[in-house]
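Colleague: This is the structure I want to talk about, given as structure tokens.
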Amino acid sequence: MRDFRDAKAMAQTLSEALAAKSISLSHSESLELIARIHGLRDWNVLAARIQANRQANAPEGSPVVAAAGSTRTNVPIFPMRDLVLFPQTITPIFVARDKTRRAVERAMAGDRRVLVVAQKHGADNDPSTLQSFYPVGVTASVINSQTQMDGILKVTVSGLQRVAITGLIDGEFLAAEITAIEEQRGQSPEAASLSRMVLDAYRTYANVDLSSLPLRQRARFGLPSTENPGLLADTIAQMLPTGIDEKQQLLEASDVVARLEKVLALLSKARPEQ
């Protein structure tokens, strides 16, 4: 079994087969049965086995999702044509599509959580399949929403956490099944060293001397401390003048050292001519 979608597809097939015989079985009950069919105690054990296998076979620097128990269903999706949101970033999003408006309404009526994810083709007005989106997005909290004079809905969101999309639910609004992604090597010596290099490179790129400023004044520039390498990488990544594909690669880099290396390379490439 390769991933969570295989297990869930098997559970769905089992539920449908039993329903044809007038036997009702919930999706969670079906997952428990699939686990037992594979000789395991329950779904949590099977999910952990699947995760361990994915981590063992994942290429270096690829996203690592959390173990069992971290999947959440029915999170409203905000499809983005030209934005890759990063954790801890606050940004306005302008909503015109009806489905996304309904997603906003659902979020505001609930816990205000949404999934902000970039779509692969900006011209697609109704992305509704897994193939329509990049595989990693960010959960976000809706801070407020306001309808403007032109009828466009302005929604301000605050990025929370990287997640992998494991399934879609297409109804009145588009929603997703998601699994949290854990950061790797965020507090390693390599990350600390690279953080200092990234901050120096950003100083050169932005032509700002941050070295003589107190920490409180540095915060004016929107840069966190090098004590949090992952957040530093994300903050600078959001500000870089790069395309969607490059920013998405940074978002999908769960290994903080690899992410910092990518940011450093992009800063070097974007450095103005002297």
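Chain identifiers are assigned as A, B, and so on, following the order in which chains appear in the structure tokens; residues are numbered from 1 within each chain, and ligands are numbered from 1 in order of appearance.
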I need the residues of range 86-211 of chain A that end up classed as helix (DSSP H, G or I) by DSSP on the backbone, written out as a PyMOL selection string.

Modeller: chain A and resi 98-109+130-132+189-206

Colleague: What lies within 12 Å of Asp98 in chain A using only C-alpha atoms, ignoring chain neighbours under 2 positions off, as a list in words?

Modeller: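 After dropping sequence-adjacent residues, the list is Phe78, Pro79, Val95, Ala96, Thr100, Arg101, Arg102, Ala103, Val104, Glu105, Asn125, Asp126, Gly151, Ile152, Leu153, Gly171, Glu172, Phe173 and Leu174 of chain A.
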
Colleague: To one decimal in Å, tell me the separation between CA of Thr139 in chain A and CA of Ala191 in chain A.

Modeller: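 These atoms are spaced 24.2 Å apart.
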
Colleague: With only C-alpha atoms as the basis for distance, which of A:Pro241, A:Pro229, A:Pro135, A:Pro127 is at the shortest distance from Ile169 in chain A?

Modeller: A:Pro127

Colleague: Which is closest to Lys120 in chain A among A:Ile93, A:Ala258, A:Ile165, A:Leu83, if we use only C-alpha atoms?

Modeller: A:Leu83

Colleague: Can you tell me, as a PyMOL selection string, what residues are no more than 12 Å from Pro189 in chain A when counting only C-alpha atoms, ignoring any on the same chain fewer than 2 positions away?

Modeller: chain A and resi 185-187+191-196+226-229+256-257

Colleague: Let me see the file: selected residues, C-alpha atoms, as a tab-separated table (two decimals), in the first residue's frame.

Modeller:
chain	number	residue	atom	x	y	z
A	185	ARG	CA	16.40	19.98	11.07
A	186	GLY	CA	14.84	23.26	12.16
A	187	GLN	CA	17.13	23.62	15.18
A	191	ALA	CA	20.17	25.63	10.03
A	192	ALA	CA	21.61	28.16	12.51
A	193	SER	CA	24.66	28.77	10.32
A	194	LEU	CA	22.59	29.10	7.16
A	195	SER	CA	20.17	31.49	8.89
A	196	ARG	CA	22.98	33.96	9.49
A	226	THR	CA	17.80	33.71	13.36
A	227	GLU	CA	16.79	31.63	16.39
A	228	ASN	CA	13.86	30.40	14.29
A	229	PRO	CA	15.48	29.33	10.98
A	256	VAL	CA	14.64	23.61	6.95
A	257	VAL	CA	18.29	23.29	5.90
